[in-house]
Amino acid sequence: MATPISLSISSLASKSQQLVRNERRMLAASDDGAMMKQIQSTHAPDGRVVDVKPILQVIENVLHHIIPNIDHAMNGGTGHIDALDDRTNSSAVDGALDALAYIVHKICCEVSCKCSGGGDAHATTMGILNMLSSYSWDAKVVLTLAAFAVHFGEFWLIVQLCTSNSLAKSVALLKQLPDILEHSQTLKPHFDALNKLINAMIDVTKCIVEFTELPSEFISIDVPPLSTAMAHIPTATYWIIWSVVACAAQVTGLVGMRHEFITSTSEAWELSSLAHKVSSIHEHLQSLLRLCYQRIDEKKLLEAFEDFKRTIETPQMDNLKILLKIFRKEETYYLLNPDKTKVLIDVLRRKHVILLISDLDISHEEIRVLEALYKGERVSSELNYEILWLPIVDRSTWNDGYEQKFLSLQSIMSWYTVNHPFAIEPAVIKYIMEVWGFVKKPIGVTLDPQGKVLCPNALNMMWIWGNSAFPFSSEKEESFWKSEAWTLDLLVDRLEPNLRTWVSQQKVVCFYGGVQMEWIESFTTATKGVAKALDIGLEMVYVGKNNAKERVKKITGLIKEKQLSHAWQDDNVWFFWNRLESMLYSKTQHGKAIENDVIKQEVMTLLAYDGSENGWAVFFTGSDEMVRANGEKVLSSMKSFDEWEKLAKQLGFIPALRKHLEGIHDEHHCTRLILPGNSGGIPERVQCAECGRPMEMYFMYRCCVE
């Protein structure tokens, strides 16, 4: 005959199982429209504000103490472990819970009673929602979770202490709690599922609280994605409360099971299904939260962008305010000076400053050439300017390799640099790219001592005229072009140290390029033969090819070995082509049309020659007589010298060669002009160097690794 105690045990266990089984009938019910209306009908907030953060912190402390101890016990451990240090601000919690302890106790009683009586989970959930009708959605979930933390915490304290504390042992005996260690293998699936559900509940609760803390000045609750998230929060709240009821049912079901342990795998399955449901809700809310933060970041970026734009366009007393705004507010405004020691940004106050803007692919040649200008002629007091390097990097792909590359570049720069690329304000990077036009090719933005932008890219004029263009203003650049002509000096500048001597000796000077060794040998040999036949002085200089460093280096070695001509070293080759591109971009910046500008025509012709795989040559005399041609034409002209030899003896070498070239008409040709996209802009109309017809524009993406 069954005793009253055993009957009550069986009755209590069956009621808890029945309550959990009821979940199957309702797992999807809250997602339809009718159920949503029912949930919303319980919501009548009266405006009271609950500081949920400190309460949630205590809840996490309680539950995150219990879960590791459960795992410890289920895996055969003895005693107990402390999961984490308690860093709760007691005064903050006391203040938050002062008027809420009663409602938490009331929820706890509601859950315990309904679970003990085998009540319907949906009905219990709706009852709690009605009980909390005057609270906000985040307060509803936090207060319900607090009630569960009390319920579960009290249970686990008794279980944990009953072997070492006589009071806990007596209470466990009265409650007829099972020996967790004795039934660990049977209970493990239940507690594993319980732990997963508890973690999922905490995750969703924290997510709901996070939505309420989003700054309203940067995101509207009436506009997606926040409005979408707020529409899902009532459903999420319903499932959190339902989950609390289900978890409490599992805990309550263990009461009275000391001698007759009854279990069912369906209970663990129900909790696992519920954990999957709540985790799915969390994933969806997290995706919406990410969209909200993205929208907030975009709004903050736009506001900071407009603020920087206003500042830099407003006259200032000095440049310090603008320089400070370049860096993130949370950063200390330290720079590294040329000696690589930390200094405050104030050292640049009321000085001419060139903002050197580049990525981490800035070439060593560019650094060396700029250093020659910065440390050379700049010593006079009239050239008192400083350079500040602002490296623009992709933060999403940053790694140790990029870190080392940054440090390596920083170490060889003899001017001021940022302490780290991440110190630059993202809104300033946006301004640099959208207003100053930085893409990849380095630019140098000049600020005067008052912070006024004198030129959006002074590097062009620095490469062309050096420090004589100081203070590197657009007006100074314009005045220089007005007095400039297409001459040997403009083309070569100071790159060829023997140029003055050759000109004084009235020699013909030939600069040529290309990367086909066979053509180079044929051209230099044939041209020397023509000079010998005319008994004129000739000097030839190989200037390589743009963006072909390794091939040019190899060919330069062969040219010197075979004594075919003079040949420049790497820095001079880079500088020659970079100056040509700078001339083109500088002219384009100042709106010079190619039809009315001889310099722009000649520069684009040489760049077009370089764009092909064939060679090219340009001949000059001291009187700035000039003739140029592509490799095929000039080589054929030299080889057929007998056809224009008589004319050359009458008119001179360059006029005769020009006349001969004019008589050569190519029926077929393919001219390419390759220009890197940068702040100078790309000319809208470009004429073919061979026939004068407008060239078609294509987009080309190139990655050249030699």
# chains A, B, ... in the order shown; residues from 1 in each chain; ligands from 1
>>> select_by_dssp(residues="segment 292-450 of chain A", states="helix (DSSP H, G or I)", output="JSON, numbers by chain")
{"A": [292, 293, 294, 295, 296, 297, 298, 299, 300, 301, 302, 303, 304, 305, 306, 307, 308, 309, 310, 311, 312, 313, 320, 321, 322, 323, 324, 325, 345, 346, 347, 348, 364, 365, 366, 367, 368, 369, 370, 371, 372, 373, 374, 375, 377, 378, 379, 381, 382, 383, 395, 396, 397, 400, 401, 402, 403, 404, 405, 406, 407, 408, 409, 410, 411, 412, 421, 422, 423, 426, 427, 428, 429, 430, 431, 432, 433, 434]}
>>> write_last_selection(atoms="C-alpha atoms", output="JSON list (two decimals), in the first residue's frame")
[["chain", "number", "residue", "atom", "x", "y", "z"],
["A", 292, "CYS", "CA", 21.22, 49.93, -35.00],
["A", 293, "TYR", "CA", 24.83, 50.47, -33.99],
["A", 294, "GLN", "CA", 25.76, 50.74, -37.65],
["A", 295, "ARG", "CA", 23.10, 53.44, -38.11],
["A", 296, "ILE", "CA", 24.30, 55.21, -34.95],
["A", 297, "ASP", "CA", 27.92, 55.09, -36.12],
["A", 298, "GLU", "CA", 26.88, 56.48, -39.51],
["A", 299, "LYS", "CA", 25.00, 59.34, -37.84],
["A", 300, "LYS", "CA", 27.89, 60.07, -35.49],
["A", 301, "LEU", "CA", 30.32, 59.92, -38.41],
["A", 302, "LEU", "CA", 28.21, 62.34, -40.45],
["A", 303, "GLU", "CA", 27.92, 64.79, -37.53],
["A", 304, "ALA", "CA", 31.66, 64.62, -36.84],
["A", 305, "PHE", "CA", 32.32, 65.05, -40.58],
["A", 306, "GLU", "CA", 30.16, 68.18, -40.72],
["A", 307, "ASP", "CA", 31.80, 69.49, -37.55],
["A", 308, "PHE", "CA", 35.30, 69.04, -39.01],
["A", 309, "LYS", "CA", 34.14, 70.58, -42.28],
["A", 310, "ARG", "CA", 32.79, 73.66, -40.48],
["A", 311, "THR", "CA", 35.95, 73.98, -38.42],
["A", 312, "ILE", "CA", 38.36, 73.76, -41.33],
["A", 313, "GLU", "CA", 36.28, 76.16, -43.42],
["A", 320, "LEU", "CA", 45.79, 74.01, -33.28],
["A", 321, "LYS", "CA", 42.01, 73.51, -33.18],
["A", 322, "ILE", "CA", 42.07, 71.91, -36.63],
["A", 323, "LEU", "CA", 45.05, 69.71, -35.79],
["A", 324, "LEU", "CA", 43.35, 68.52, -32.57],
["A", 325, "LYS", "CA", 40.18, 67.59, -34.45],
["A", 345, "ILE", "CA", 50.65, 68.31, -30.92],
["A", 346, "ASP", "CA", 51.13, 71.88, -29.70],
["A", 347, "VAL", "CA", 54.62, 71.80, -31.23],
["A", 348, "LEU", "CA", 52.96, 72.39, -34.63],
["A", 364, "HIS", "CA", 60.72, 54.38, -50.08],
["A", 365, "GLU", "CA", 61.73, 56.45, -53.12],
["A", 366, "GLU", "CA", 58.97, 58.94, -52.34],
["A", 367, "ILE", "CA", 60.08, 59.16, -48.71],
["A", 368, "ARG", "CA", 63.72, 59.72, -49.71],
["A", 369, "VAL", "CA", 62.89, 62.43, -52.26],
["A", 370, "LEU", "CA", 60.60, 64.22, -49.80],
["A", 371, "GLU", "CA", 63.27, 63.93, -47.12],
["A", 372, "ALA", "CA", 65.78, 65.63, -49.42],
["A", 373, "LEU", "CA", 63.41, 68.60, -49.69],
["A", 374, "TYR", "CA", 62.49, 68.60, -46.00],
["A", 375, "LYS", "CA", 66.03, 68.36, -44.63],
["A", 377, "GLU", "CA", 66.83, 73.57, -48.59],
["A", 378, "ARG", "CA", 64.32, 73.95, -45.74],
["A", 379, "VAL", "CA", 66.96, 75.24, -43.32],
["A", 381, "SER", "CA", 63.84, 80.68, -41.80],
["A", 382, "GLU", "CA", 61.68, 81.54, -44.78],
["A", 383, "LEU", "CA", 61.03, 77.83, -45.37],
["A", 395, "ARG", "CA", 40.94, 48.87, -39.64],
["A", 396, "SER", "CA", 38.87, 45.77, -40.45],
["A", 397, "THR", "CA", 41.88, 43.96, -41.94],
["A", 400, "ASP", "CA", 50.52, 42.23, -36.92],
["A", 401, "GLY", "CA", 51.93, 42.37, -40.44],
["A", 402, "TYR", "CA", 50.42, 45.81, -41.05],
["A", 403, "GLU", "CA", 51.54, 46.92, -37.59],
["A", 404, "GLN", "CA", 55.14, 46.04, -38.41],
["A", 405, "LYS", "CA", 54.88, 47.72, -41.82],
["A", 406, "PHE", "CA", 53.60, 50.91, -40.17],
["A", 407, "LEU", "CA", 56.41, 50.88, -37.59],
["A", 408, "SER", "CA", 59.00, 50.26, -40.32],
["A", 409, "LEU", "CA", 57.78, 53.23, -42.40],
["A", 410, "GLN", "CA", 57.53, 55.41, -39.30],
["A", 411, "SER", "CA", 61.14, 54.63, -38.38],
["A", 412, "ILE", "CA", 62.55, 55.94, -41.68],
["A", 421, "PRO", "CA", 46.93, 55.04, -37.53],
["A", 422, "PHE", "CA", 43.89, 54.29, -35.35],
["A", 423, "ALA", "CA", 44.36, 57.63, -33.57],
["A", 426, "PRO", "CA", 37.16, 58.30, -38.80],
["A", 427, "ALA", "CA", 35.23, 61.44, -39.80],
["A", 428, "VAL", "CA", 38.52, 63.08, -40.80],
["A", 429, "ILE", "CA", 39.37, 60.04, -42.91],
["A", 430, "LYS", "CA", 35.98, 60.45, -44.61],
["A", 431, "TYR", "CA", 36.79, 64.12, -45.25],
["A", 432, "ILE", "CA", 40.26, 63.26, -46.57],
["A", 433, "MET", "CA", 38.78, 60.82, -49.07],
["A", 434, "GLU", "CA", 35.65, 62.71, -50.11]]
>>> select_by_dssp(residues="segment 587-629 of chain A", states="strand (DSSP E or B)", output="number ranges by chain")
A: 616-620, 626-629
>>> atom_distance(atom1="atom CA of Val49 of chain A", atom2="atom CA of Ala101 of chain A")
15.2 Å
>>> closest_residue(among="A:Pro449, A:Val439, A:Lys277, A:Ile219", to="Met317 of chain A", atoms="only C-alpha atoms")
A:Pro449
>>> residues_around(residues="Lys549 of chain A", least_positions_apart="5", cutoff="12 Å", atoms="only C-alpha atoms", output="list in words")
Ser363, Glu365, Gly514, Val515, Val543, Gly544, Lys554, Ile555, Thr556, Trp568, Gln569, Asp570, Asp571, Asn572, Val573, Trp574, Trp577, Cys704, Val705 and Glu706 of chain A
>>> closest_residue(among="A:Leu288, A:Leu143, A:Ala99, A:Ala469", to="Ile55 of chain A", atoms="only C-alpha atoms")
A:Leu143
>>> atom_distance(atom1="atom CA of Asn419 of chain A", atom2="atom CA of Thr341 of chain A")
9.9 Å
>>> residues_around(residues="Ala531 of chain A", least_positions_apart="3", cutoff="12 Å", atoms="only C-alpha atoms", output="ChimeraX atom specification")
/A:507-510,524-528,534-540,638,641,645,648-649,652-654
>>> residues_around(residues="Ala485 of chain A", least_positions_apart="4", cutoff="9 Å", atoms="only C-alpha atoms", output="PyMOL selection string")
chain A and resi 481+490+598-599
>>> write_last_selection(atoms="all heavy atoms", output="PDB file, in the first residue's frame")
ATOM      1  N   TRP A 481      53.022  78.197 -63.174  1.00  0.00           N
ATOM      2  CA  TRP A 481      52.674  77.675 -64.497  1.00  0.00           C
ATOM      3  C   TRP A 481      52.611  78.790 -65.547  1.00  0.00           C
ATOM      4  O   TRP A 481      52.917  78.561 -66.722  1.00  0.00           O
ATOM      5  CB  TRP A 481      51.331  76.945 -64.443  1.00  0.00           C
ATOM      6  CG  TRP A 481      51.414  75.522 -63.953  1.00  0.00           C
ATOM      7  CD1 TRP A 481      50.704  74.950 -62.956  1.00  0.00           C
ATOM      8  CD2 TRP A 481      52.267  74.488 -64.469  1.00  0.00           C
ATOM      9  NE1 TRP A 481      51.060  73.635 -62.794  1.00  0.00           N
ATOM     10  CE2 TRP A 481      52.016  73.321 -63.726  1.00  0.00           C
ATOM     11  CE3 TRP A 481      53.232  74.436 -65.477  1.00  0.00           C
ATOM     12  CZ2 TRP A 481      52.678  72.113 -63.947  1.00  0.00           C
ATOM     13  CZ3 TRP A 481      53.896  73.231 -65.714  1.00  0.00           C
ATOM     14  CH2 TRP A 481      53.618  72.093 -64.957  1.00  0.00           C
ATOM     15  N   LEU A 490      62.564  71.707 -67.478  1.00  0.00           N
ATOM     16  CA  LEU A 490      61.309  71.287 -66.864  1.00  0.00           C
ATOM     17  C   LEU A 490      61.181  69.766 -66.886  1.00  0.00           C
ATOM     18  O   LEU A 490      60.741  69.155 -65.907  1.00  0.00           O
ATOM     19  CB  LEU A 490      60.117  71.916 -67.594  1.00  0.00           C
ATOM     20  CG  LEU A 490      58.731  71.522 -67.052  1.00  0.00           C
ATOM     21  CD1 LEU A 490      58.562  71.986 -65.612  1.00  0.00           C
ATOM     22  CD2 LEU A 490      57.620  72.090 -67.933  1.00  0.00           C
ATOM     23  N   VAL A 598      50.557  73.372 -74.341  1.00  0.00           N
ATOM     24  CA  VAL A 598      51.633  72.568 -74.945  1.00  0.00           C
ATOM     25  C   VAL A 598      52.260  71.638 -73.913  1.00  0.00           C
ATOM     26  O   VAL A 598      52.544  70.470 -74.198  1.00  0.00           O
ATOM     27  CB  VAL A 598      52.711  73.494 -75.558  1.00  0.00           C
ATOM     28  CG1 VAL A 598      53.904  72.669 -76.037  1.00  0.00           C
ATOM     29  CG2 VAL A 598      52.126  74.317 -76.699  1.00  0.00           C
ATOM     30  N   ILE A 599      52.483  72.147 -72.712  1.00  0.00           N
ATOM     31  CA  ILE A 599      53.118  71.327 -71.673  1.00  0.00           C
ATOM     32  C   ILE A 599      52.260  70.099 -71.380  1.00  0.00           C
ATOM     33  O   ILE A 599      52.768  68.971 -71.306  1.00  0.00           O
ATOM     34  CB  ILE A 599      53.338  72.146 -70.385  1.00  0.00           C
ATOM     35  CG1 ILE A 599      54.348  73.265 -70.634  1.00  0.00           C
ATOM     36  CG2 ILE A 599      53.815  71.241 -69.246  1.00  0.00           C
ATOM     37  CD1 ILE A 599      54.546  74.183 -69.448  1.00  0.00           C
TER      38      ILE A 599
END
>>> residues_around(residues="segment 107-115 of chain A", least_positions_apart="3", cutoff="9 Å", atoms="only C-alpha atoms", output="VMD selection string")
chain A and resid 15 to 16 19 102 to 104 118 to 121 124 to 125 127 to 128 131 143 to 144 146 to 148 150 to 151 244 to 246 248 to 250 252 to 253
>>> write_last_selection(atoms="N, CA, C and O atoms", output="CSV table (one decimal), in the first residue's frame")
chain,number,residue,atom,x,y,z
A,15,LYS,N,2.8,16.5,-12.0
A,15,LYS,CA,2.3,17.8,-12.3
A,15,LYS,C,3.4,18.7,-13.0
A,15,LYS,O,3.1,19.4,-13.9
A,16,SER,N,4.6,18.6,-12.5
A,16,SER,CA,5.7,19.4,-13.1
A,16,SER,C,5.9,18.9,-14.5
A,16,SER,O,6.2,19.7,-15.4
A,19,LEU,N,3.2,20.3,-16.7
A,19,LEU,CA,3.4,21.7,-17.0
A,19,LEU,C,4.4,21.9,-18.2
A,19,LEU,O,4.2,22.7,-19.1
A,102,TYR,N,9.1,43.6,-3.3
A,102,TYR,CA,7.8,43.0,-3.1
A,102,TYR,C,7.4,42.3,-4.4
A,102,TYR,O,6.9,41.2,-4.4
A,103,ILE,N,7.5,43.1,-5.5
A,103,ILE,CA,7.0,42.6,-6.8
A,103,ILE,C,7.9,41.4,-7.2
A,103,ILE,O,7.3,40.4,-7.8
A,104,VAL,N,9.2,41.4,-6.9
A,104,VAL,CA,10.0,40.2,-7.2
A,104,VAL,C,9.5,39.0,-6.4
A,104,VAL,O,9.4,37.9,-6.9
A,118,GLY,N,1.0,22.4,-11.1
A,118,GLY,CA,0.8,21.9,-12.5
A,118,GLY,C,0.1,22.8,-13.4
A,118,GLY,O,-0.6,22.4,-14.3
A,119,GLY,N,0.2,24.1,-13.2
A,119,GLY,CA,-0.5,25.1,-14.0
A,119,GLY,C,0.0,25.1,-15.4
A,119,GLY,O,1.0,24.7,-15.7
A,120,ASP,N,-0.9,25.7,-16.3
A,120,ASP,CA,-0.5,25.9,-17.7
A,120,ASP,C,0.5,27.0,-17.8
A,120,ASP,O,0.4,28.1,-17.3
A,121,ALA,N,1.6,26.7,-18.6
A,121,ALA,CA,2.7,27.6,-18.7
A,121,ALA,C,2.3,28.9,-19.4
A,121,ALA,O,2.7,30.0,-19.0
A,124,THR,N,0.3,31.0,-16.9
A,124,THR,CA,1.2,31.5,-15.9
A,124,THR,C,2.0,32.7,-16.5
A,124,THR,O,2.1,33.8,-15.8
A,125,THR,N,2.4,32.6,-17.7
A,125,THR,CA,3.2,33.6,-18.4
A,125,THR,C,2.3,34.9,-18.5
A,125,THR,O,2.7,36.0,-18.2
A,127,GLY,N,-0.3,35.6,-16.8
A,127,GLY,CA,-0.6,36.1,-15.4
A,127,GLY,C,0.6,37.1,-15.0
A,127,GLY,O,0.3,38.1,-14.4
A,128,ILE,N,1.8,36.7,-15.2
A,128,ILE,CA,2.9,37.5,-14.8
A,128,ILE,C,3.0,38.8,-15.7
A,128,ILE,O,3.3,39.9,-15.2
A,131,MET,N,0.6,41.0,-14.2
A,131,MET,CA,1.1,41.5,-12.9
A,131,MET,C,2.1,42.7,-13.1
A,131,MET,O,2.1,43.6,-12.3
A,143,LEU,N,12.8,41.8,-13.9
A,143,LEU,CA,12.1,41.5,-12.7
A,143,LEU,C,11.7,40.0,-12.6
A,143,LEU,O,11.9,39.3,-11.6
A,144,THR,N,11.3,39.4,-13.7
A,144,THR,CA,10.9,38.0,-13.8
A,144,THR,C,12.1,37.2,-13.6
A,144,THR,O,12.1,36.2,-12.9
A,146,ALA,N,14.8,38.1,-12.1
A,146,ALA,CA,15.2,38.2,-10.7
A,146,ALA,C,14.5,37.2,-9.8
A,146,ALA,O,15.1,36.6,-8.9
A,147,ALA,N,13.2,37.1,-10.1
A,147,ALA,CA,12.4,36.1,-9.3
A,147,ALA,C,12.9,34.7,-9.5
A,147,ALA,O,13.0,33.9,-8.5
A,148,PHE,N,13.3,34.3,-10.7
A,148,PHE,CA,13.8,33.0,-10.9
A,148,PHE,C,15.2,32.8,-10.3
A,148,PHE,O,15.5,31.8,-9.7
A,150,VAL,N,16.2,34.2,-7.5
A,150,VAL,CA,15.9,33.9,-6.1
A,150,VAL,C,15.5,32.5,-5.9
A,150,VAL,O,16.0,31.8,-5.0
A,151,HIS,N,14.5,32.0,-6.7
A,151,HIS,CA,14.0,30.7,-6.6
A,151,HIS,C,15.1,29.6,-6.8
A,151,HIS,O,15.2,28.7,-6.0
A,244,VAL,N,11.3,31.2,-18.0
A,244,VAL,CA,11.4,31.2,-16.5
A,244,VAL,C,10.5,30.2,-15.9
A,244,VAL,O,10.8,29.4,-15.0
A,245,VAL,N,9.2,30.2,-16.4
A,245,VAL,CA,8.2,29.3,-15.8
A,245,VAL,C,8.7,27.8,-16.1
A,245,VAL,O,8.6,27.0,-15.2
A,246,ALA,N,9.2,27.5,-17.3
A,246,ALA,CA,9.6,26.2,-17.6
A,246,ALA,C,10.8,25.8,-16.7
A,246,ALA,O,10.9,24.6,-16.2
A,248,ALA,N,11.6,27.0,-13.8
A,248,ALA,CA,11.2,26.9,-12.4
A,248,ALA,C,10.4,25.6,-12.2
A,248,ALA,O,10.5,24.9,-11.1
A,249,ALA,N,9.7,25.1,-13.2
A,249,ALA,CA,9.0,23.8,-13.1
A,249,ALA,C,10.0,22.7,-13.0
A,249,ALA,O,9.7,21.7,-12.2
A,250,GLN,N,11.1,22.8,-13.7
A,250,GLN,CA,12.1,21.8,-13.6
A,250,GLN,C,12.7,21.7,-12.2
A,250,GLN,O,12.9,20.7,-11.6
A,252,THR,N,11.3,23.0,-9.3
A,252,THR,CA,10.2,22.6,-8.4
A,252,THR,C,10.0,21.1,-8.5
A,252,THR,O,9.7,20.4,-7.5
A,253,GLY,N,10.1,20.5,-9.7
A,253,GLY,CA,9.9,19.1,-9.9
A,253,GLY,C,10.8,18.2,-9.1
A,253,GLY,O,10.6,17.0,-8.9
>>> atom_distance(atom1="atom CA of Ser272 of chain A", atom2="atom CA of Ala193 of chain A")
5.2 Å
>>> closest_residue(among="A:Lys560, A:Lys545, A:Lys340, A:Lys452", to="Asn578 of chain A", atoms="only C-alpha atoms")
A:Lys545
>>> closest_residue(among="A:Leu129, A:Leu651, A:Leu63, A:Leu291", to="Trp242 of chain A", atoms="only C-alpha atoms")
A:Leu129
>>> residues_around(residues="segment 201-203 of chain A", least_positions_apart="5", cutoff="12 Å", atoms="only C-alpha atoms", output="VMD selection string")
chain A and resid 56 to 64 138 141 to 142 144 to 146 148 to 149 194 to 196 208 to 210 236 to 247 271 274 to 286
>>> closest_residue(among="A:Val541, A:Val552, A:Leu584, A:Ala533", to="Met517 of chain A", atoms="only C-alpha atoms")
A:Val552
>>> closest_residue(among="A:Glu518, A:Glu613, A:Glu477, A:Asp318", to="Gly451 of chain A", atoms="only C-alpha atoms")
A:Asp318
>>> decode(residues="segment 274-282 of chain A", atoms="all heavy atoms", output="PDB file, in the first residue's frame")
ATOM      1  N   LEU A 274      13.137  24.778 -26.193  1.00  0.00           N
ATOM      2  CA  LEU A 274      12.909  26.148 -25.743  1.00  0.00           C
ATOM      3  C   LEU A 274      14.200  26.965 -25.812  1.00  0.00           C
ATOM      4  O   LEU A 274      14.183  28.144 -26.205  1.00  0.00           O
ATOM      5  CB  LEU A 274      12.367  26.121 -24.313  1.00  0.00           C
ATOM      6  CG  LEU A 274      11.642  27.372 -23.795  1.00  0.00           C
ATOM      7  CD1 LEU A 274      10.549  27.813 -24.754  1.00  0.00           C
ATOM      8  CD2 LEU A 274      11.062  27.100 -22.415  1.00  0.00           C
ATOM      9  N   ALA A 275      15.321  26.337 -25.443  1.00  0.00           N
ATOM     10  CA  ALA A 275      16.616  27.021 -25.532  1.00  0.00           C
ATOM     11  C   ALA A 275      16.933  27.386 -26.978  1.00  0.00           C
ATOM     12  O   ALA A 275      17.454  28.478 -27.263  1.00  0.00           O
ATOM     13  CB  ALA A 275      17.718  26.133 -24.966  1.00  0.00           C
ATOM     14  N   HIS A 276      16.615  26.483 -27.915  1.00  0.00           N
ATOM     15  CA  HIS A 276      16.833  26.764 -29.338  1.00  0.00           C
ATOM     16  C   HIS A 276      15.968  27.944 -29.790  1.00  0.00           C
ATOM     17  O   HIS A 276      16.426  28.825 -30.527  1.00  0.00           O
ATOM     18  CB  HIS A 276      16.509  25.520 -30.163  1.00  0.00           C
ATOM     19  CG  HIS A 276      16.640  25.731 -31.640  1.00  0.00           C
ATOM     20  ND1 HIS A 276      17.865  25.822 -32.267  1.00  0.00           N
ATOM     21  CD2 HIS A 276      15.699  25.894 -32.610  1.00  0.00           C
ATOM     22  CE1 HIS A 276      17.686  26.029 -33.559  1.00  0.00           C
ATOM     23  NE2 HIS A 276      16.380  26.074 -33.791  1.00  0.00           N
ATOM     24  N   LYS A 277      14.706  27.964 -29.319  1.00  0.00           N
ATOM     25  CA  LYS A 277      13.793  29.049 -29.666  1.00  0.00           C
ATOM     26  C   LYS A 277      14.323  30.390 -29.150  1.00  0.00           C
ATOM     27  O   LYS A 277      14.378  31.385 -29.890  1.00  0.00           O
ATOM     28  CB  LYS A 277      12.421  28.757 -29.045  1.00  0.00           C
ATOM     29  CG  LYS A 277      11.404  29.874 -29.164  1.00  0.00           C
ATOM     30  CD  LYS A 277      10.842  29.947 -30.559  1.00  0.00           C
ATOM     31  CE  LYS A 277       9.749  31.001 -30.660  1.00  0.00           C
ATOM     32  NZ  LYS A 277       9.210  31.102 -32.030  1.00  0.00           N
ATOM     33  N   VAL A 278      14.719  30.417 -27.885  1.00  0.00           N
ATOM     34  CA  VAL A 278      15.211  31.665 -27.280  1.00  0.00           C
ATOM     35  C   VAL A 278      16.523  32.099 -27.923  1.00  0.00           C
ATOM     36  O   VAL A 278      16.758  33.298 -28.141  1.00  0.00           O
ATOM     37  CB  VAL A 278      15.364  31.489 -25.753  1.00  0.00           C
ATOM     38  CG1 VAL A 278      15.971  32.740 -25.123  1.00  0.00           C
ATOM     39  CG2 VAL A 278      14.018  31.185 -25.107  1.00  0.00           C
ATOM     40  N   SER A 279      17.395  31.143 -28.252  1.00  0.00           N
ATOM     41  CA  SER A 279      18.662  31.472 -28.930  1.00  0.00           C
ATOM     42  C   SER A 279      18.405  32.077 -30.301  1.00  0.00           C
ATOM     43  O   SER A 279      19.114  32.995 -30.729  1.00  0.00           O
ATOM     44  CB  SER A 279      19.529  30.217 -29.059  1.00  0.00           C
ATOM     45  OG  SER A 279      19.932  29.749 -27.797  1.00  0.00           O
ATOM     46  N   SER A 280      17.383  31.564 -31.002  1.00  0.00           N
ATOM     47  CA  SER A 280      17.024  32.122 -32.311  1.00  0.00           C
ATOM     48  C   SER A 280      16.548  33.559 -32.173  1.00  0.00           C
ATOM     49  O   SER A 280      16.871  34.427 -32.992  1.00  0.00           O
ATOM     50  CB  SER A 280      15.940  31.264 -32.972  1.00  0.00           C
ATOM     51  OG  SER A 280      16.410  29.959 -33.215  1.00  0.00           O
ATOM     52  N   ILE A 281      15.766  33.806 -31.119  1.00  0.00           N
ATOM     53  CA  ILE A 281      15.309  35.175 -30.848  1.00  0.00           C
ATOM     54  C   ILE A 281      16.517  36.078 -30.589  1.00  0.00           C
ATOM     55  O   ILE A 281      16.583  37.209 -31.089  1.00  0.00           O
ATOM     56  CB  ILE A 281      14.348  35.193 -29.635  1.00  0.00           C
ATOM     57  CG1 ILE A 281      13.042  34.489 -29.993  1.00  0.00           C
ATOM     58  CG2 ILE A 281      14.080  36.620 -29.174  1.00  0.00           C
ATOM     59  CD1 ILE A 281      12.105  34.288 -28.816  1.00  0.00           C
ATOM     60  N   HIS A 282      17.480  35.559 -29.822  1.00  0.00           N
ATOM     61  CA  HIS A 282      18.679  36.346 -29.512  1.00  0.00           C
ATOM     62  C   HIS A 282      19.462  36.683 -30.779  1.00  0.00           C
ATOM     63  O   HIS A 282      19.907  37.824 -30.960  1.00  0.00           O
ATOM     64  CB  HIS A 282      19.570  35.570 -28.538  1.00  0.00           C
ATOM     65  CG  HIS A 282      20.861  36.264 -28.243  1.00  0.00           C
ATOM     66  ND1 HIS A 282      22.085  35.776 -28.641  1.00  0.00           N
ATOM     67  CD2 HIS A 282      21.116  37.453 -27.620  1.00  0.00           C
ATOM     68  CE1 HIS A 282      23.030  36.615 -28.265  1.00  0.00           C
ATOM     69  NE2 HIS A 282      22.472  37.630 -27.642  1.00  0.00           N
TER      70      HIS A 282
END
